[in-house]
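Shown below: structure16.txt, with compact mmCIF, C-alpha atoms and all ligand atoms.
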# COMPACT_ATOMS: atom_id res chain seq x y z
CA MET E 1289 14.35 37.46 84.81
CA ILE E 1290 18.08 38.00 84.96
CA GLU E 1291 18.09 36.09 88.26
CA SER E 1292 16.73 32.98 86.53
CA ILE E 1293 19.80 32.78 84.28
CA LEU E 1294 22.40 34.27 86.60
CA LEU E 1295 21.78 32.09 89.65
CA PRO E 1296 21.97 28.69 87.92
CA SER E 1297 25.15 29.82 86.12
CA PHE E 1298 26.59 30.88 89.46
CA ILE E 1299 25.70 27.49 91.03
CA ILE E 1300 27.39 25.61 88.21
CA PHE E 1301 30.42 27.89 88.41
CA ALA E 1302 30.69 27.38 92.20
CA ALA E 1303 30.43 23.59 91.86
CA ILE E 1304 33.12 23.49 89.15
CA LEU E 1305 35.31 25.73 91.31
CA GLY E 1306 34.76 23.36 94.24
CA TYR E 1307 35.96 20.51 92.06
CA VAL E 1308 38.99 22.38 90.69
CA LEU E 1309 40.01 23.42 94.22
CA HIS E 1310 39.69 19.79 95.41
CA PHE E 1311 36.85 20.52 97.87
CA LEU E 1312 34.50 18.22 95.96
CA THR E 1313 34.86 15.01 93.99
CA LYS E 1314 33.28 14.80 90.53
CA SER E 1315 30.15 13.11 91.94
CA GLY E 1316 30.12 15.65 94.78
CA SER E 1317 30.10 18.64 92.44
CA VAL E 1318 27.33 17.21 90.22
CA THR E 1319 25.23 16.57 93.35
CA ALA E 1320 25.99 20.09 94.62
CA ILE E 1321 24.63 21.56 91.36
CA GLY E 1322 21.37 19.62 91.84
CA ILE E 1323 21.01 20.74 95.44
CA GLY E 1324 21.89 24.35 94.57
CA LEU E 1325 19.24 24.46 91.82
CA LEU E 1326 16.54 23.00 94.10
CA ILE E 1327 17.32 25.56 96.82
CA CYS E 1328 17.39 28.31 94.22
CA TYR E 1329 13.89 27.42 92.98
CA GLY E 1330 12.45 26.73 96.45
CA ILE E 1331 13.77 29.53 98.65
CA GLY E 1332 15.68 31.60 96.13
CA MET E 1333 18.87 33.58 96.29
CA LYS E 1334 18.81 34.10 100.07
CA GLY E 1335 18.69 30.35 100.64
CA LEU E 1336 21.60 30.00 98.28
CA ILE E 1337 23.58 32.65 100.18
CA ILE E 1338 23.12 30.73 103.45
CA LEU E 1339 24.17 27.47 101.81
CA GLY E 1340 27.10 29.33 100.22
CA ILE E 1341 28.29 30.63 103.61
CA PHE E 1342 28.20 27.09 104.99
CA PHE E 1343 30.01 25.63 102.02
CA ALA E 1344 32.66 28.36 101.67
CA SER E 1345 33.47 28.58 105.39
CA SER E 1346 33.63 24.79 105.77
CA SER E 1347 35.92 24.49 102.76
CA LEU E 1348 38.19 27.23 104.08
CA TRP E 1349 38.39 25.68 107.55
CA SER E 1350 39.17 22.31 105.97
CA VAL E 1351 42.30 23.69 104.27
CA TYR E 1352 43.30 25.80 107.29
CA ARG E 1353 46.43 24.16 108.83
CA ARG E 1354 45.74 21.04 106.79
CA LYS E 1355 49.19 19.60 107.55
CA ASP E 1356 48.47 19.61 111.29
CA LYS E 1357 45.30 17.63 110.64
CA MET E 1358 46.89 14.88 108.55
CA VAL E 1359 47.47 12.42 111.40
CA ALA E 1360 43.97 12.81 112.77
CA GLU E 1361 42.47 12.46 109.29
CA GLU E 1362 43.83 8.92 109.11
CA LYS E 1363 40.94 8.12 111.43
CA HIS E 1364 38.25 9.44 109.14
CA GLU E 1365 36.45 7.33 106.63
CA LYS E 1366 37.00 9.79 103.81
CA GLY E 1367 39.44 12.60 103.10
CA SER E 1368 38.42 16.23 103.10
CA ARG E 1369 37.24 16.14 99.48
CA ARG E 1370 33.46 15.70 99.66
CA ASP E 1371 31.79 13.03 97.52
CA TYR E 1372 28.11 12.78 96.60
CA GLN E 1373 27.18 10.93 99.79
CA GLN E 1374 28.67 13.67 101.96
CA VAL E 1375 27.06 16.39 99.86
CA LEU E 1376 23.70 14.59 100.10
CA ALA E 1377 24.06 14.09 103.87
CA ASN E 1378 24.68 17.82 104.27
CA GLY E 1379 22.49 19.22 101.52
CA GLY E 1380 19.79 16.68 100.63
CA MET E 1381 17.52 17.65 103.50
CA ALA E 1382 18.12 21.36 102.82
CA ALA E 1383 17.03 20.84 99.21
CA LEU E 1384 13.92 18.90 100.28
CA ILE E 1385 12.85 21.55 102.80
CA SER E 1386 13.46 24.23 100.15
CA ILE E 1387 11.17 22.57 97.66
CA LEU E 1388 8.47 22.15 100.32
CA TYR E 1389 8.88 25.84 101.16
CA GLY E 1390 8.42 26.66 97.48
CA PHE E 1391 4.99 25.00 97.64
CA PHE E 1392 3.73 25.93 101.10
CA GLN E 1393 5.68 29.11 102.02
CA THR E 1394 5.30 28.56 105.77
CA ASP E 1395 7.59 30.21 108.35
CA SER E 1396 8.30 26.91 110.05
CA LEU E 1397 9.73 25.43 106.83
CA LEU E 1398 11.98 28.46 106.45
CA ILE E 1399 13.18 28.15 110.07
CA ALA E 1400 13.70 24.38 109.60
CA PHE E 1401 15.88 25.13 106.57
CA CYS E 1402 17.99 27.61 108.57
CA VAL E 1403 18.25 25.15 111.49
CA PHE E 1404 19.41 22.42 109.16
CA ILE E 1405 22.19 24.59 107.70
CA ALA E 1406 23.09 25.85 111.20
CA THR E 1407 23.56 22.23 112.34
CA SER E 1408 25.71 21.36 109.34
CA ASN E 1409 27.80 24.47 109.87
CA SER E 1410 28.12 23.86 113.61
CA ASP E 1411 29.23 20.24 113.03
CA THR E 1412 31.75 21.10 110.36
CA TRP E 1413 33.31 24.01 112.23
CA ALA E 1414 33.49 21.86 115.38
CA SER E 1415 35.37 19.07 113.68
CA GLU E 1416 37.60 21.18 111.40
CA ILE E 1417 38.62 23.60 114.19
CA GLY E 1418 38.29 21.29 117.20
CA ILE E 1419 40.82 18.91 115.70
CA LEU E 1420 43.45 21.65 116.17
CA SER E 1421 42.87 21.82 119.93
CA LYS E 1422 46.16 21.83 121.86
CA LYS E 1423 44.55 19.81 124.64
CA ARG E 1424 43.36 16.35 123.70
CA PRO E 1425 39.56 15.92 123.74
CA TYR E 1426 37.36 13.95 126.12
CA SER E 1427 35.09 11.14 125.00
CA VAL E 1428 31.48 11.77 126.08
CA ARG E 1429 31.09 7.99 126.43
CA THR E 1430 34.03 7.11 128.67
CA PHE E 1431 34.94 10.58 130.03
CA SER E 1432 38.55 9.73 129.29
CA VAL E 1433 41.04 11.64 127.16
CA VAL E 1434 41.15 10.31 123.59
CA GLU E 1435 43.01 11.04 120.35
CA ARG E 1436 42.18 14.21 118.41
CA GLY E 1437 39.70 13.60 115.61
CA THR E 1438 37.87 10.80 117.43
CA SER E 1439 34.10 10.91 116.77
CA GLY E 1440 32.15 11.55 119.95
CA ALA E 1441 34.95 13.48 121.60
CA VAL E 1442 34.67 17.08 122.80
CA SER E 1443 37.18 19.85 123.47
CA LEU E 1444 36.69 23.44 124.59
CA LEU E 1445 37.96 24.75 121.24
CA GLY E 1446 35.64 22.43 119.27
CA THR E 1447 32.64 23.39 121.39
CA MET E 1448 33.35 27.09 120.92
CA ALA E 1449 33.67 26.51 117.18
CA ALA E 1450 30.30 24.67 117.21
CA VAL E 1451 28.68 27.64 119.00
CA MET E 1452 30.16 30.11 116.51
CA GLY E 1453 29.21 27.94 113.53
CA ALA E 1454 25.54 27.85 114.59
CA LEU E 1455 25.54 31.54 115.54
CA VAL E 1456 26.90 32.73 112.18
CA ILE E 1457 24.06 30.98 110.33
CA ALA E 1458 21.46 32.18 112.85
CA ILE E 1459 22.56 35.82 112.48
CA THR E 1460 22.77 35.61 108.67
CA SER E 1461 19.27 34.08 108.51
CA TYR E 1462 17.94 36.76 110.87
CA VAL E 1463 19.28 39.54 108.63
CA LEU E 1464 18.43 37.99 105.24
CA PHE E 1465 14.90 36.82 106.04
CA HIS E 1466 13.97 39.69 108.41
CA LEU E 1467 13.18 37.21 111.19
CA GLU E 1468 12.10 37.84 114.79
CA LEU E 1469 14.84 37.90 117.43
CA SER E 1470 13.24 34.82 119.04
CA GLU E 1471 13.68 32.97 115.72
CA LEU E 1472 17.38 33.86 115.69
CA TRP E 1473 17.70 32.12 119.08
CA VAL E 1474 15.71 29.10 117.90
CA ILE E 1475 18.02 28.64 114.89
CA PHE E 1476 21.10 29.10 117.07
CA ILE E 1477 20.01 26.72 119.86
CA PHE E 1478 18.61 23.98 117.61
CA GLY E 1479 21.60 24.28 115.28
CA PHE E 1480 23.95 23.76 118.21
CA LEU E 1481 21.75 20.91 119.54
CA GLY E 1482 22.24 19.15 116.21
CA ASN E 1483 25.97 19.21 116.89
CA VAL E 1484 25.37 17.73 120.37
CA ILE E 1485 23.31 14.90 118.83
CA ASP E 1486 26.12 14.33 116.32
CA THR E 1487 28.64 14.04 119.15
CA PHE E 1488 26.54 11.54 121.12
CA LEU E 1489 25.78 9.40 118.05
CA GLY E 1490 29.50 9.54 117.26
CA ALA E 1491 30.29 8.31 120.74
CA TYR E 1492 27.66 5.58 121.11
CA VAL E 1493 26.61 4.14 117.76
CA GLN E 1494 29.03 5.25 115.04
CA ALA E 1495 31.06 2.39 113.60
CA VAL E 1496 34.69 2.23 114.73
CA TYR E 1497 37.07 -0.25 113.12
CA MET E 1498 40.52 -1.50 113.91
CA CYS E 1499 43.28 -2.22 111.39
CA SER E 1500 44.73 -5.67 111.99
CA SER E 1501 48.05 -4.65 110.38
CA CYS E 1502 48.95 -1.46 112.22
CA GLY E 1503 46.44 -1.54 115.09
CA VAL E 1504 45.05 1.95 114.43
CA GLU E 1505 41.43 2.74 115.40
CA THR E 1506 39.66 4.25 112.40
CA GLU E 1507 36.30 4.96 110.78
CA LYS E 1508 37.66 3.54 107.53
CA VAL E 1509 36.44 0.14 106.32
CA SER E 1510 39.90 -0.63 104.97
CA HIS E 1511 43.39 0.34 106.13
CA CYS E 1512 46.89 -0.77 105.10
CA GLN E 1513 45.15 -2.31 102.05
CA ARG E 1514 43.20 -4.73 104.23
CA ARG E 1515 39.65 -4.80 105.51
CA THR E 1516 39.38 -3.49 109.06
CA SER E 1517 37.25 -5.18 111.72
CA LEU E 1518 34.40 -3.57 113.65
CA ILE E 1519 35.27 -2.98 117.30
CA ARG E 1520 32.47 -0.64 118.36
CA GLY E 1521 29.18 0.79 117.14
CA ARG E 1522 27.09 -0.42 114.21
CA THR E 1523 28.19 -0.81 110.60
CA PHE E 1524 25.10 1.07 109.39
CA PHE E 1525 26.09 4.22 111.29
CA ASN E 1526 28.95 5.57 109.21
CA ASN E 1527 29.83 9.27 109.36
CA ASP E 1528 27.37 10.25 106.62
CA VAL E 1529 24.44 8.52 108.35
CA VAL E 1530 25.33 10.16 111.67
CA ASN E 1531 25.55 13.57 109.96
CA PHE E 1532 22.23 13.01 108.25
CA ILE E 1533 20.38 12.06 111.45
CA SER E 1534 21.87 14.92 113.48
CA GLY E 1535 20.83 17.40 110.81
CA PHE E 1536 17.42 15.81 110.26
CA ALA E 1537 16.35 15.59 113.93
CA PRO E 1538 16.46 19.32 114.90
CA ALA E 1539 14.81 20.36 111.60
CA ILE E 1540 11.97 17.86 112.14
CA ALA E 1541 11.61 19.03 115.76
CA ILE E 1542 11.04 22.57 114.48
CA LEU E 1543 8.34 21.40 112.04
CA LEU E 1544 6.58 19.39 114.77
CA MET E 1545 6.66 22.28 117.25
CA HIS E 1546 4.93 24.72 114.91
ZN ZN E 1601 46.67 0.01 109.16
Taking this structure as input, can you express it in the form of structure tokens?
Amino acid sequence: MIESILLPSFIIFAAILGYVLHFLTKSGSVTAIGIGLLICYGIGMKGLIILGIFFASSSLWSVYRRKDKMVAEEKHEKGSRRDYQQVLANGGMAALISILYGFFQTDSLLIAFCVFIATSNSDTWASEIGILSKKRPYSVRTFSVVERGTSGAVSLLGTMAAVMGALVIAITSYVLFHLELSELWVIFIFGFLGNVIDTFLGAYVQAVYMCSSCGVETEKVSHCQRRTSLIRGRTFFNNDVVNFISGFAPAIAILLMH
């Protein structure tokens, strides 16, 4: 009974805190409340804890050595403050799976939920930590060295961060939901695979623009107060769409396999 009042209050508090601390925009925090409530009613507190670990760790990594990331962030479509589209790309699927779990209570839905969060965590850790790599990353498309922060580029540090990001969620899920050891591995491997898909989509189809004023390559649709022009990829595949597909694919694979 107490849970039914306490948890929603906690979700609202966390979303407001996220806004105050500049992790979320106003639309992002309202969307986060919706997603938190759906997860709360579908899977319950344990689902919320897993989402909370993803959100808290990603937010902390995003402020870690923020100054060193400034130059690379010029490339990204949006700043580090998450708006509703980013929150939906990361949490919409999690909320949907949660609600389905609330109705059907099958193991595969629970594993799909954990895999989805593991992918999101793996992706976020990889980009927030990988961007700090001392060595410049390699593009998986051209196999050449590219600028830090380029989508579709890999570094040893980023890959290790991706492994750790997936593993943390896999271990937490294993403990919280009393899973089998084999399920821990499934969550870990599929979570990491989601990050691999994200990297390849980033390299091959994600939209890359060029600023005609300063010549910088960016994911932003405008730069130096002018519209940028598409030089690679497809307009449809912005960062949110790529994130959504790479999170969606491993979770769906789990549901189809069971
Ligand atoms: Zn420019």
Hey, which of E:Ile1321, E:Ala1539, E:Phe1524, E:Lys1508 ends up closest to ligand ZN 1601 (chain E)? Count all atoms listed in the file.
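Closest candidate: E:Lys1508.
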If you count all atoms listed in the file, which residues end up within 9 Å of ligand ZN 1601 (chain E), as a list in words?
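If we count all atoms listed in the file, the neighbours of ligand ZN 1601 (chain E) turn out to be Met1498, Cys1499, Ser1500, Ser1501, Cys1502, Gly1503, Val1504, Glu1505, Thr1506, Ser1510, His1511, Cys1512, Gln1513, Arg1514 and Thr1516 of chain E.
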Nearby residues (only C-alpha atoms) at most 8 Å from region 1459-1473 of chain E, same-chain spacing under 6 positions excluded, as a short mmCIF file (atom, residue, chain, number, x, y, z; two decimals) with C-alpha atoms, keeping the file's coordinate frame:
data_model
loop_
_atom_site.label_atom_id
_atom_site.label_comp_id
_atom_site.auth_asym_id
_atom_site.auth_seq_id
_atom_site.Cartn_x
_atom_site.Cartn_y
_atom_site.Cartn_z
CA LYS E 1334 18.81 34.10 100.07
CA ILE E 1338 23.12 30.73 103.45
CA ILE E 1399 13.18 28.15 110.07
CA CYS E 1402 17.99 27.61 108.57
#
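Closest approach to Val1403 (chain E) among E:Ile1475, E:Ile1323, E:Ala1344, E:Val1496 is made by E:Ile1475 (distances from all atoms listed in the file).
Between CA of Gly1418 (chain E) and CA of Gly1335 (chain E) there is a distance of 27.2 Å.
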Kindly give the distance, in Å, that separates CA of Leu1481 (chain E) and CA of Phe1536 (chain E), rounded to a single decimal.
11.4 Å
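Distance-wise, CA of Ile1385 (chain E) and CA of Val1530 (chain E) end up 19.1 Å apart.
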Padding 8 Å on each side, edges along x, y and z: where is the centre of the box around the listed atoms of region 1422-1436 of chain E, and how long are its edges in Å to one decimal? Output it as lines of an AutoDock Vina configuration file.
center_x = 38.6
center_y = 14.5
center_z = 124.2
size_x = 31.1
size_y = 30.7
size_z = 27.6
